[in-house]
$ cat coords-v2.cif   # mmCIF, C-alpha atoms
data_model
loop_
_atom_site.group_PDB
_atom_site.id
_atom_site.type_symbol
_atom_site.label_atom_id
_atom_site.label_comp_id
_atom_site.auth_asym_id
_atom_site.auth_seq_id
_atom_site.Cartn_x
_atom_site.Cartn_y
_atom_site.Cartn_z
ATOM 1 C CA MET A 7 33.701 -9.194 9.061
ATOM 2 C CA THR A 8 33.839 -6.184 6.775
ATOM 3 C CA ARG A 9 31.103 -3.719 5.932
ATOM 4 C CA ASP A 10 30.789 -5.149 2.425
ATOM 5 C CA GLU A 11 30.308 -8.663 3.783
ATOM 6 C CA TYR A 12 27.536 -7.512 6.097
ATOM 7 C CA ALA A 13 25.936 -5.523 3.269
ATOM 8 C CA ASP A 14 26.058 -8.582 0.987
ATOM 9 C CA ARG A 15 24.321 -10.652 3.657
ATOM 10 C CA CYS A 16 21.610 -8.038 4.021
ATOM 11 C CA GLU A 17 21.102 -7.920 0.258
ATOM 12 C CA GLU A 18 20.908 -11.718 -0.076
ATOM 13 C CA LEU A 19 18.397 -12.075 2.747
ATOM 14 C CA PHE A 20 16.325 -9.099 1.630
ATOM 15 C CA ALA A 21 16.061 -10.482 -1.919
ATOM 16 C CA VAL A 22 14.357 -13.687 -0.708
ATOM 17 C CA GLY A 23 12.033 -11.948 1.746
ATOM 18 C CA GLY A 24 14.130 -12.504 4.872
ATOM 19 C CA PHE A 25 13.442 -9.023 6.232
ATOM 20 C CA CYS A 26 13.803 -9.955 9.902
ATOM 21 C CA GLU A 27 17.062 -11.757 9.174
ATOM 22 C CA ALA A 28 18.334 -8.811 7.106
ATOM 23 C CA ARG A 29 17.652 -6.517 10.059
ATOM 24 C CA ARG A 30 19.564 -8.820 12.358
ATOM 25 C CA ALA A 31 22.514 -8.839 9.968
ATOM 26 C CA ALA A 32 22.498 -5.044 9.708
ATOM 27 C CA GLU A 33 22.246 -4.652 13.485
ATOM 28 C CA SER A 34 25.107 -7.103 14.006
ATOM 29 C CA GLY A 35 27.246 -5.146 11.577
ATOM 30 C CA LEU A 36 26.453 -1.848 13.281
ATOM 31 C CA GLU A 37 27.247 -3.360 16.655
ATOM 32 C CA GLU A 38 30.553 -4.810 15.456
ATOM 33 C CA LEU A 39 31.730 -2.052 13.123
ATOM 34 C CA GLY A 40 30.012 1.010 14.513
ATOM 35 C CA PRO A 41 27.884 3.493 12.529
ATOM 36 C CA ASP A 42 27.777 2.797 8.808
ATOM 37 C CA ARG A 43 25.665 4.508 6.162
ATOM 38 C CA VAL A 44 25.079 1.368 4.072
ATOM 39 C CA LEU A 45 24.017 -0.765 7.034
ATOM 40 C CA TYR A 46 21.712 1.970 8.326
ATOM 41 C CA ARG A 47 20.062 2.012 4.926
ATOM 42 C CA TRP A 48 19.614 -1.762 4.835
ATOM 43 C CA LEU A 49 18.218 -1.655 8.363
ATOM 44 C CA GLY A 50 15.684 0.961 7.296
ATOM 45 C CA LEU A 51 14.720 -0.847 4.092
ATOM 46 C CA ALA A 52 14.193 -4.118 5.968
ATOM 47 C CA HIS A 53 11.868 -2.342 8.386
ATOM 48 C CA VAL A 54 9.949 -0.561 5.620
ATOM 49 C CA ALA A 55 9.415 -3.863 3.797
ATOM 50 C CA GLU A 56 7.235 -5.084 6.674
ATOM 51 C CA ASP A 57 4.715 -2.315 5.858
ATOM 52 C CA GLU A 58 3.651 -1.735 9.478
ATOM 53 C CA ASP A 59 3.517 1.463 11.509
ATOM 54 C CA ASP A 60 5.974 0.280 14.179
ATOM 55 C CA HIS A 61 8.449 -0.811 11.529
ATOM 56 C CA ASP A 62 8.073 2.496 9.695
ATOM 57 C CA ALA A 63 8.976 4.307 12.921
ATOM 58 C CA ALA A 64 12.027 2.068 13.362
ATOM 59 C CA ALA A 65 13.046 2.709 9.748
ATOM 60 C CA GLU A 66 12.802 6.445 10.345
ATOM 61 C CA LYS A 67 15.128 6.145 13.339
ATOM 62 C CA ALA A 68 17.635 4.182 11.249
ATOM 63 C CA TYR A 69 17.601 6.744 8.429
ATOM 64 C CA GLU A 70 17.915 9.662 10.829
ATOM 65 C CA ALA A 71 20.789 7.990 12.667
ATOM 66 C CA GLY A 72 22.625 7.576 9.370
ATOM 67 C CA LEU A 73 21.850 11.074 8.105
ATOM 68 C CA ALA A 74 23.021 12.576 11.393
ATOM 69 C CA GLN A 75 26.547 11.525 10.420
ATOM 70 C CA TRP A 76 26.254 11.485 6.609
ATOM 71 C CA PRO A 77 23.737 14.229 5.772
ATOM 72 C CA ASP A 78 24.583 14.109 2.051
ATOM 73 C CA ASP A 79 24.273 10.354 1.531
ATOM 74 C CA LEU A 80 21.890 9.970 -1.406
ATOM 75 C CA GLY A 81 21.001 6.365 -0.597
ATOM 76 C CA LEU A 82 19.735 7.363 2.842
ATOM 77 C CA LEU A 83 18.059 10.536 1.570
ATOM 78 C CA VAL A 84 16.135 8.796 -1.214
ATOM 79 C CA SER A 85 15.114 5.895 1.032
ATOM 80 C CA TYR A 86 13.933 8.343 3.694
ATOM 81 C CA LEU A 87 11.996 10.309 1.069
ATOM 82 C CA GLU A 88 10.225 7.132 -0.062
ATOM 83 C CA LEU A 89 9.242 6.428 3.552
ATOM 84 C CA CYS A 90 7.950 9.972 4.095
ATOM 85 C CA LEU A 91 5.937 9.886 0.877
ATOM 86 C CA ARG A 92 4.076 6.848 2.228
ATOM 87 C CA ALA A 93 3.184 8.613 5.484
ATOM 88 C CA ASP A 94 -0.421 9.565 6.172
ATOM 89 C CA THR A 95 -0.651 13.346 6.542
ATOM 90 C CA TRP A 96 -3.142 13.153 9.418
ATOM 91 C CA THR A 97 -1.480 10.365 11.377
ATOM 92 C CA TYR A 98 2.152 11.347 10.816
ATOM 93 C CA PRO A 99 2.200 15.052 9.903
ATOM 94 C CA GLY A 100 5.843 15.490 10.916
ATOM 95 C CA ARG A 101 7.023 12.693 8.651
ATOM 96 C CA ALA A 102 4.918 13.913 5.745
ATOM 97 C CA ALA A 103 6.202 17.469 6.231
ATOM 98 C CA ARG A 104 9.792 16.328 5.650
ATOM 99 C CA VAL A 105 9.069 15.504 2.015
ATOM 100 C CA GLU A 106 9.749 18.976 0.639
ATOM 101 C CA ARG A 107 13.001 19.387 2.574
ATOM 102 C CA LEU A 108 14.242 15.992 1.398
ATOM 103 C CA LYS A 109 13.257 16.711 -2.203
ATOM 104 C CA GLU A 110 15.163 19.987 -2.150
ATOM 105 C CA ARG A 111 18.286 18.380 -0.705
ATOM 106 C CA ILE A 112 18.201 15.499 -3.187
ATOM 107 C CA ALA A 113 17.689 17.902 -6.102
ATOM 108 C CA VAL A 114 20.959 19.609 -5.164
ATOM 109 C CA LEU A 115 22.907 16.365 -4.819
ATOM 110 C CA ALA A 116 21.342 14.298 -7.636
ATOM 111 C CA PRO A 117 21.536 15.946 -11.062
ATOM 112 C CA ALA A 118 18.883 15.232 -13.648
ATOM 113 C CA GLY A 119 19.411 11.883 -15.332
ATOM 114 C CA SER A 120 21.120 10.255 -12.356
ATOM 115 C CA PRO A 121 19.778 6.971 -10.893
ATOM 116 C CA GLU A 122 18.846 8.773 -7.673
ATOM 117 C CA ALA A 123 16.884 11.411 -9.583
ATOM 118 C CA ALA A 124 15.026 8.622 -11.421
ATOM 119 C CA ARG A 125 14.153 6.967 -8.109
ATOM 120 C CA VAL A 126 12.812 10.253 -6.793
ATOM 121 C CA GLU A 127 10.622 10.682 -9.888
ATOM 122 C CA ASP A 128 9.296 7.134 -9.481
ATOM 123 C CA ALA A 129 8.550 7.735 -5.800
ATOM 124 C CA LEU A 130 6.813 11.042 -6.506
ATOM 125 C CA GLY A 131 4.771 9.441 -9.260
ATOM 126 C CA TRP A 132 3.689 6.708 -6.866
ATOM 127 C CA ALA A 133 2.754 9.231 -4.175
ATOM 128 C CA GLY A 134 0.660 11.278 -6.595
ATOM 129 C CA ARG A 135 -1.459 8.402 -7.852
ATOM 130 C CA GLY A 136 -5.216 8.737 -7.983
ATOM 131 C CA TYR A 137 -7.906 6.162 -7.224
ATOM 132 C CA TRP A 138 -7.905 4.544 -10.662
ATOM 133 C CA GLN A 139 -4.112 4.419 -10.711
ATOM 134 C CA ASP A 140 -4.233 2.565 -7.386
ATOM 135 C CA VAL A 141 -6.736 0.136 -8.850
ATOM 136 C CA ARG A 142 -4.497 -0.468 -11.873
ATOM 137 C CA GLU A 143 -1.467 -0.990 -9.636
ATOM 138 C CA ARG A 144 -3.324 -3.504 -7.468
ATOM 139 C CA THR A 145 -4.520 -5.276 -10.608
ATOM 140 C CA ALA A 146 -0.960 -5.386 -11.957
ATOM 141 C CA ALA A 147 0.288 -6.738 -8.605
ATOM 142 C CA ALA A 148 -2.396 -9.433 -8.669
ATOM 143 C CA ARG A 149 -1.347 -10.378 -12.208
ATOM 144 C CA ARG A 150 2.297 -10.621 -11.150
ATOM 145 C CA ASP A 151 1.337 -12.850 -8.235
ATOM 146 C CA ARG A 152 -0.778 -14.975 -10.545
ATOM 147 C CA ALA A 153 2.077 -15.256 -13.049
ATOM 148 C CA ALA A 154 4.462 -16.309 -10.261
ATOM 149 C CA LEU A 155 1.984 -18.952 -9.107
ATOM 150 C CA THR A 156 1.562 -20.210 -12.677
ATOM 151 C CA SER A 157 5.340 -20.446 -13.078
ATOM 152 C CA HIS A 158 5.586 -22.299 -9.768
ATOM 153 C CA SER A 159 2.834 -24.683 -10.866
ATOM 154 C CA ALA A 160 4.746 -25.385 -14.086
ATOM 155 C CA ASP A 161 7.916 -26.152 -12.104
ATOM 156 C CA VAL A 162 6.008 -28.577 -9.865
ATOM 157 C CA ALA A 163 4.342 -30.238 -12.844
ATOM 158 C CA GLU A 164 7.744 -30.703 -14.497
ATOM 159 C CA ALA A 165 9.141 -32.193 -11.277
ATOM 160 C CA LEU A 166 6.202 -34.600 -11.087
ATOM 161 C CA GLU A 167 6.814 -35.632 -14.698
ATOM 162 C CA GLN A 168 10.487 -36.260 -13.915
ATOM 163 C CA GLY A 169 9.751 -38.430 -10.927
ATOM 164 C CA ALA A 170 9.977 -35.700 -8.273
ATOM 165 C CA GLN A 171 13.581 -34.787 -9.060
ATOM 166 C CA VAL A 172 14.612 -31.228 -8.156
ATOM 167 C CA SER A 173 17.862 -29.327 -7.727
ATOM 168 C CA ALA A 174 19.805 -30.091 -4.570
ATOM 169 C CA ASP A 175 20.934 -26.468 -4.120
ATOM 170 C CA PRO A 176 19.328 -25.376 -0.810
ATOM 171 C CA GLU A 177 19.521 -21.706 -1.818
ATOM 172 C CA ASP A 178 17.813 -22.127 -5.185
ATOM 173 C CA VAL A 179 14.419 -20.523 -4.503
ATOM 174 C CA ARG A 180 12.564 -22.090 -7.434
ATOM 175 C CA ALA A 181 13.943 -25.543 -6.682
ATOM 176 C CA ALA A 182 13.092 -25.134 -2.998
ATOM 177 C CA GLU A 183 9.540 -24.129 -3.911
ATOM 178 C CA ALA A 184 9.146 -27.188 -6.125
ATOM 179 C CA ALA A 185 10.596 -29.493 -3.453
ATOM 180 C CA ALA A 186 8.279 -28.071 -0.776
ATOM 181 C CA ALA A 187 5.271 -28.478 -3.063
ATOM 182 C CA LEU A 188 6.175 -32.115 -3.749
ATOM 183 C CA GLU A 189 6.306 -32.759 -0.003
ATOM 184 C CA LEU A 190 2.942 -31.110 0.623
ATOM 185 C CA LEU A 191 1.354 -32.991 -2.295
ATOM 186 C CA ALA A 192 2.756 -36.409 -1.356
ATOM 187 C CA GLY A 193 0.504 -39.292 -0.378
ATOM 188 C CA PRO A 194 -2.363 -41.210 -2.005
ATOM 189 C CA TRP A 195 -5.053 -38.835 -0.706
ATOM 190 C CA ARG A 196 -3.474 -35.922 -2.582
ATOM 191 C CA ALA A 197 -3.317 -37.693 -5.942
ATOM 192 C CA PRO A 198 -6.227 -35.587 -7.323
ATOM 193 C CA LEU A 199 -4.345 -32.399 -6.423
ATOM 194 C CA ARG A 200 -1.225 -33.662 -8.186
ATOM 195 C CA LEU A 201 -3.354 -34.443 -11.248
ATOM 196 C CA VAL A 202 -4.800 -30.924 -11.204
ATOM 197 C CA ILE A 203 -1.319 -29.381 -11.081
ATOM 198 C CA ARG A 204 0.086 -31.604 -13.813
ATOM 199 C CA HIS A 205 -2.785 -30.637 -16.122
ATOM 200 C CA ARG A 206 -3.604 -27.184 -14.800
ATOM 201 C CA ALA A 207 -5.005 -25.608 -17.969
ATOM 202 C CA ALA A 208 -7.150 -28.617 -18.784
ATOM 203 C CA ALA A 209 -8.348 -28.750 -15.167
ATOM 204 C CA TYR A 210 -9.583 -25.161 -15.320
ATOM 205 C CA VAL A 211 -11.360 -25.698 -18.638
ATOM 206 C CA THR A 212 -12.971 -28.891 -17.347
ATOM 207 C CA ALA A 213 -14.050 -27.177 -14.137
ATOM 208 C CA PHE A 214 -15.720 -24.339 -16.079
ATOM 209 C CA VAL A 215 -17.609 -26.816 -18.230
ATOM 210 C CA LEU A 216 -18.722 -28.829 -15.211
ATOM 211 C CA VAL A 217 -19.795 -25.686 -13.356
ATOM 212 C CA PHE A 218 -21.999 -24.597 -16.255
ATOM 213 C CA ALA A 219 -23.392 -28.086 -16.862
ATOM 214 C CA THR A 220 -24.157 -28.735 -13.174
ATOM 215 C CA ASN A 221 -25.878 -25.412 -12.608
ATOM 216 C CA LYS A 222 -27.867 -25.761 -15.823
ATOM 217 C CA ALA A 223 -28.922 -29.335 -14.996
ATOM 218 C CA LEU A 224 -30.087 -28.389 -11.509
ATOM 219 C CA VAL A 225 -32.161 -25.483 -12.818
ATOM 220 C CA LEU A 226 -33.690 -27.484 -15.691
ATOM 221 C CA SER A 227 -34.554 -30.345 -13.343
ATOM 222 C CA GLY A 228 -36.632 -27.970 -11.240
ATOM 223 C CA VAL A 229 -34.685 -28.728 -8.071
ATOM 224 C CA VAL A 230 -33.705 -25.056 -7.737
ATOM 225 C CA SER A 231 -34.590 -21.875 -9.607
ATOM 226 C CA TYR A 232 -31.033 -20.590 -9.422
ATOM 227 C CA SER A 233 -27.912 -22.658 -8.727
ATOM 228 C CA VAL A 234 -24.379 -21.965 -7.584
ATOM 229 C CA TRP A 235 -23.721 -25.547 -6.555
ATOM 230 C CA GLY A 236 -21.728 -26.162 -9.702
ATOM 231 C CA TRP A 237 -18.897 -24.024 -8.367
ATOM 232 C CA ILE A 238 -18.037 -26.884 -6.024
ATOM 233 C CA TRP A 239 -16.040 -28.297 -8.950
ATOM 234 C CA PHE A 240 -13.495 -25.548 -8.301
ATOM 235 C CA VAL A 241 -12.708 -26.819 -4.794
ATOM 236 C CA PRO A 242 -9.873 -29.164 -5.936
ATOM 237 C CA LEU A 243 -8.308 -26.334 -7.938
ATOM 238 C CA LEU A 244 -8.462 -23.954 -4.971
ATOM 239 C CA LEU A 245 -6.983 -26.615 -2.690
ATOM 240 C CA ALA A 246 -4.145 -27.236 -5.148
ATOM 241 C CA GLU A 247 -3.337 -23.523 -5.383
ATOM 242 C CA SER A 248 -3.477 -23.243 -1.599
ATOM 243 C CA LYS A 249 -0.855 -25.979 -1.375
ATOM 244 C CA LEU A 250 1.323 -24.155 -3.914
ATOM 245 C CA ARG A 251 1.151 -20.898 -1.920
ATOM 246 C CA GLN A 252 1.940 -22.776 1.277
ATOM 247 C CA ALA A 253 4.898 -24.404 -0.462
ATOM 248 C CA ARG A 254 6.245 -21.020 -1.574
ATOM 249 C CA ARG A 255 6.151 -19.708 2.000
ATOM 250 C CA LEU A 256 7.811 -22.861 3.329
ATOM 251 C CA ALA A 257 10.495 -22.724 0.629
ATOM 252 C CA ARG A 258 11.374 -19.113 1.454
ATOM 253 C CA GLN A 259 11.836 -20.078 5.102
ATOM 254 C CA ARG A 260 14.131 -22.931 4.115
ATOM 255 C CA VAL A 261 16.198 -20.808 1.738
ATOM 256 C CA ILE A 262 16.617 -18.130 4.395
ATOM 257 C CA ALA A 263 17.655 -20.787 6.923
ATOM 258 C CA ALA A 264 20.184 -22.201 4.421
ATOM 259 C CA MET A 265 21.641 -18.736 3.833
ATOM 260 C CA GLU A 266 21.960 -18.084 7.540
ATOM 261 C CA ALA A 267 23.600 -21.464 8.040
ATOM 262 C CA ARG A 268 26.132 -20.612 5.325
ATOM 263 C CA HIS A 269 26.773 -17.217 6.895
ATOM 264 C CA ALA A 270 27.282 -18.846 10.292
ATOM 265 C CA GLY A 271 29.719 -21.334 8.761
ATOM 266 C CA VAL A 272 31.731 -18.578 7.141
ATOM 267 C CA ALA A 273 31.822 -16.610 10.406
ATOM 268 C CA ALA A 274 32.956 -19.703 12.294
ATOM 269 C CA ALA A 275 35.714 -20.352 9.757
ATOM 270 C CA ASP A 276 36.977 -16.811 10.151
#

$ encode --input "coords-v2.cif" --output "structure tokens"
Amino acid sequence: MTRDEYADRCEELFAVGGFCEARRAAESGLEELGPDRVLYRWLGLAHVAEDEDDHDAAAEKAYEAGLAQWPDDLGLLVSYLELCLRADTWTYPGRAARVERLKERIAVLAPAGSPEAARVEDALGWAGRGYWQDVRERTAAARRDRAALTSHSADVAEALEQGAQVSADPEDVRAAEAAAALELLAGPWRAPLRLVIRHRAAAYVTAFVLVFATNKALVLSGVVSYSVWGWIWFVPLLLAESKLRQARRLARQRVIAAMEARHAGVAAAD
């Protein structure tokens, strides 16, 4: 296989969250082809994506191995800078101290207005965020996750309306998510969850009304002076969303497996 083919595999797997598989592909390419700047970068990125200290250390080794042979490679330099900017000054002082040296080297190689220079500015802006900026970023991330879940719910509802028909493409992430959700929601005991998903907006409005009415009725009846029992009406909604999240994780695993199977078939044919 060529370097480009290995790099394409890494990119495909990385895009669907197959970070472990992307690392394996990069390592296989390095073993077969020898040192390669692009594969070192993918190896580092796939480690960084795990967001764990051990993986950060492995990413640093990958970047340094690449830069030892290609000291002017902007892809490696910018990726390494992003890793160093994330480093805690007290825990990893050596890594944090490399920031200035990397910035200076990148400034020489990446003129203003270049994509690399833009990435550096984005990374530096992220590193210089304050408390309220962090809060806003976490809020934005939560909104993105919520929007993705809402979109997934709409796909499942559409599939339920169409008689549980979804795309047969095993590498179509959205179709795989819908198919996995249909499997997890199958059966007579999960009919209420399917109803909630098919009428998600109405279910939330109804739940809010029932919460208010139940709590108010319990207080007015004198049974309790303050009630939170009405929130039990949200249990079916939470269960339905739990199933949707589980389906998304399962779908990603299946898509990654399908990609690896295709890669194995291509390798066998060669």

$ closest_residue --input "coords-v2.cif" --among "A:Ala264, A:Ala273, A:Leu245, A:Ala192" --to "Glu11 (chain A)" --atoms "only C-alpha atoms"
A:Ala273

$ resolve_selection --input "coords-v2.cif" --expression "the PyMOL selection byres ((chain A and resi 15) around 9)" --output "list in words"
Asp10, Glu11, Tyr12, Ala13, Asp14, Cys16, Glu17, Glu18, Leu19, Phe20, Ala28, Ala31, Ala32, Met265, Glu266 and His269 of chain A

$ closest_residue --input "coords-v2.cif" --among "A:Asp59, A:Ser231, A:Trp96, A:Leu115" --to "Asp79 (chain A)" --atoms "all atoms listed in the file"
A:Leu115

$ residues_around --input "coords-v2.cif" --residues "region 72-78 of chain A" --least-positions-apart "4" --cutoff "7 Å" --atoms "all atoms listed in the file" --output "PDB file with C-alpha atoms, in the frame of the given file"
ATOM      1  CA  ARG A  43      25.665   4.508   6.162  1.00  0.00           C
ATOM      2  CA  TYR A  46      21.712   1.970   8.326  1.00  0.00           C
ATOM      3  CA  ALA A  68      17.635   4.182  11.249  1.00  0.00           C
ATOM      4  CA  LEU A  82      19.735   7.363   2.842  1.00  0.00           C
TER       5      LEU A  82
END

$ closest_residue --input "coords-v2.cif" --among "A:Ala219, A:Val230, A:Leu87, A:Leu256" --to "Glu189 (chain A)" --atoms "only C-alpha atoms"
A:Leu256

$ residues_around --input "coords-v2.cif" --residues "Arg254 (chain A)" --least-positions-apart "5" --cutoff "9 Å" --atoms "all atoms listed in the file" --output "list in words"
Leu155, His158, Val179, Arg180, Ala182, Glu183, Ala184, Ala186, Ala187, Lys249 and Gln259 of chain A

$ resolve_selection --input "coords-v2.cif" --expression "the PyMOL selection byres ((chain A and resi 156) around 12)" --output "list of chain:residue names"
A:Arg149, A:Arg150, A:Asp151, A:Arg152, A:Ala153, A:Ala154, A:Leu155, A:Ser157, A:His158, A:Ser159, A:Ala160, A:Asp161, A:Val162, A:Ala163, A:Ile203, A:Arg204, A:His205, A:Arg206, A:Ala207, A:Ala246, A:Glu247, A:Leu250, A:Arg251

$ axis_aligned_box --input "coords-v2.cif" --around "region 219-225 of chain A" --padding-each-side "6 Å" --output "AutoDock Vina command-line options"
--center_x -27.8 --center_y -27.4 --center_z -14.2 --size_x 20.8 --size_y 15.9 --size_z 17.4

$ residues_around --input "coords-v2.cif" --residues "Glu122 (chain A)" --least-positions-apart "3" --cutoff "8 Å" --atoms "all atoms listed in the file" --output "ChimeraX atom specification"
/A:80-81,84,116,125-126

$ atom_distance --input "coords-v2.cif" --atom1 "CA of Arg196 (chain A)" --atom2 "CA of Val22 (chain A)"
28.6 Å

$ closest_residue --input "coords-v2.cif" --among "A:Met7, A:Asp42, A:Ala55, A:Arg107" --to "Arg29 (chain A)" --atoms "all atoms listed in the file"
A:Ala55

$ atom_distance --input "coords-v2.cif" --atom1 "CA of Pro194 (chain A)" --atom2 "CA of Gly236 (chain A)"
25.7 Å

$ closest_residue --input "coords-v2.cif" --among "A:Trp237, A:Ser85, A:Ala102, A:Glu58" --to "Phe214 (chain A)" --atoms "all atoms listed in the file"
A:Trp237

$ atom_distance --input "coords-v2.cif" --atom1 "CA of Val234 (chain A)" --atom2 "CA of Ala213 (chain A)"
13.3 Å

$ resolve_selection --input "coords-v2.cif" --expression "the PyMOL selection byres ((chain A and resi 66) around 9)" --output "short mmCIF file (atom, residue, chain, number, x, y, z; two decimals) with C-alpha atoms, keeping the file's coordinate frame"
data_model
loop_
_atom_site.label_atom_id
_atom_site.label_comp_id
_atom_site.auth_asym_id
_atom_site.auth_seq_id
_atom_site.Cartn_x
_atom_site.Cartn_y
_atom_site.Cartn_z
CA GLY A 50 15.68 0.96 7.30
CA VAL A 54 9.95 -0.56 5.62
CA HIS A 61 8.45 -0.81 11.53
CA ASP A 62 8.07 2.50 9.70
CA ALA A 63 8.98 4.31 12.92
CA ALA A 64 12.03 2.07 13.36
CA ALA A 65 13.05 2.71 9.75
CA LYS A 67 15.13 6.14 13.34
CA ALA A 68 17.64 4.18 11.25
CA TYR A 69 17.60 6.74 8.43
CA GLU A 70 17.92 9.66 10.83
CA ALA A 71 20.79 7.99 12.67
CA TYR A 86 13.93 8.34 3.69
CA LEU A 89 9.24 6.43 3.55
CA CYS A 90 7.95 9.97 4.10
CA ARG A 101 7.02 12.69 8.65
#

$ residues_around --input "coords-v2.cif" --residues "Ser233 (chain A)" --least-positions-apart "6" --cutoff "7 Å" --atoms "only C-alpha atoms" --output "short mmCIF file (atom, residue, chain, number, x, y, z; two decimals) with C-alpha atoms, in the coordinates of the input"
data_model
loop_
_atom_site.label_atom_id
_atom_site.label_comp_id
_atom_site.auth_asym_id
_atom_site.auth_seq_id
_atom_site.Cartn_x
_atom_site.Cartn_y
_atom_site.Cartn_z
CA ASN A 221 -25.88 -25.41 -12.61
CA LEU A 224 -30.09 -28.39 -11.51
CA VAL A 225 -32.16 -25.48 -12.82
#

$ decode --input "coords-v2.cif" --residues "region 214-238 of chain A" --atoms "C-alpha atoms" --output "PDB file, in the first residue's frame"
ATOM      1  CA  PHE A 214     -43.872  19.826  31.401  1.00  0.00           C
ATOM      2  CA  VAL A 215     -47.614  20.233  31.807  1.00  0.00           C
ATOM      3  CA  LEU A 216     -47.916  16.982  33.742  1.00  0.00           C
ATOM      4  CA  VAL A 217     -44.970  17.892  35.971  1.00  0.00           C
ATOM      5  CA  PHE A 218     -46.566  21.211  36.910  1.00  0.00           C
ATOM      6  CA  ALA A 219     -50.041  19.725  37.354  1.00  0.00           C
ATOM      7  CA  THR A 220     -48.827  16.784  39.472  1.00  0.00           C
ATOM      8  CA  ASN A 221     -46.691  18.899  41.773  1.00  0.00           C
ATOM      9  CA  LYS A 222     -49.453  21.475  42.160  1.00  0.00           C
ATOM     10  CA  ALA A 223     -52.087  18.809  42.886  1.00  0.00           C
ATOM     11  CA  LEU A 224     -49.940  17.132  45.530  1.00  0.00           C
ATOM     12  CA  VAL A 225     -49.266  20.429  47.300  1.00  0.00           C
ATOM     13  CA  LEU A 226     -52.904  21.588  47.158  1.00  0.00           C
ATOM     14  CA  SER A 227     -54.108  18.227  48.458  1.00  0.00           C
ATOM     15  CA  GLY A 228     -51.989  18.688  51.568  1.00  0.00           C
ATOM     16  CA  VAL A 229     -50.097  15.443  51.024  1.00  0.00           C
ATOM     17  CA  VAL A 230     -46.791  17.339  50.865  1.00  0.00           C
ATOM     18  CA  SER A 231     -45.759  20.954  51.381  1.00  0.00           C
ATOM     19  CA  TYR A 232     -43.334  20.840  48.476  1.00  0.00           C
ATOM     20  CA  SER A 233     -43.311  18.295  45.644  1.00  0.00           C
ATOM     21  CA  VAL A 234     -40.819  17.105  43.065  1.00  0.00           C
ATOM     22  CA  TRP A 235     -42.694  13.898  42.340  1.00  0.00           C
ATOM     23  CA  GLY A 236     -44.093  15.352  39.148  1.00  0.00           C
ATOM     24  CA  TRP A 237     -40.685  15.111  37.506  1.00  0.00           C
ATOM     25  CA  ILE A 238     -41.230  11.362  37.260  1.00  0.00           C
TER      26      ILE A 238
END
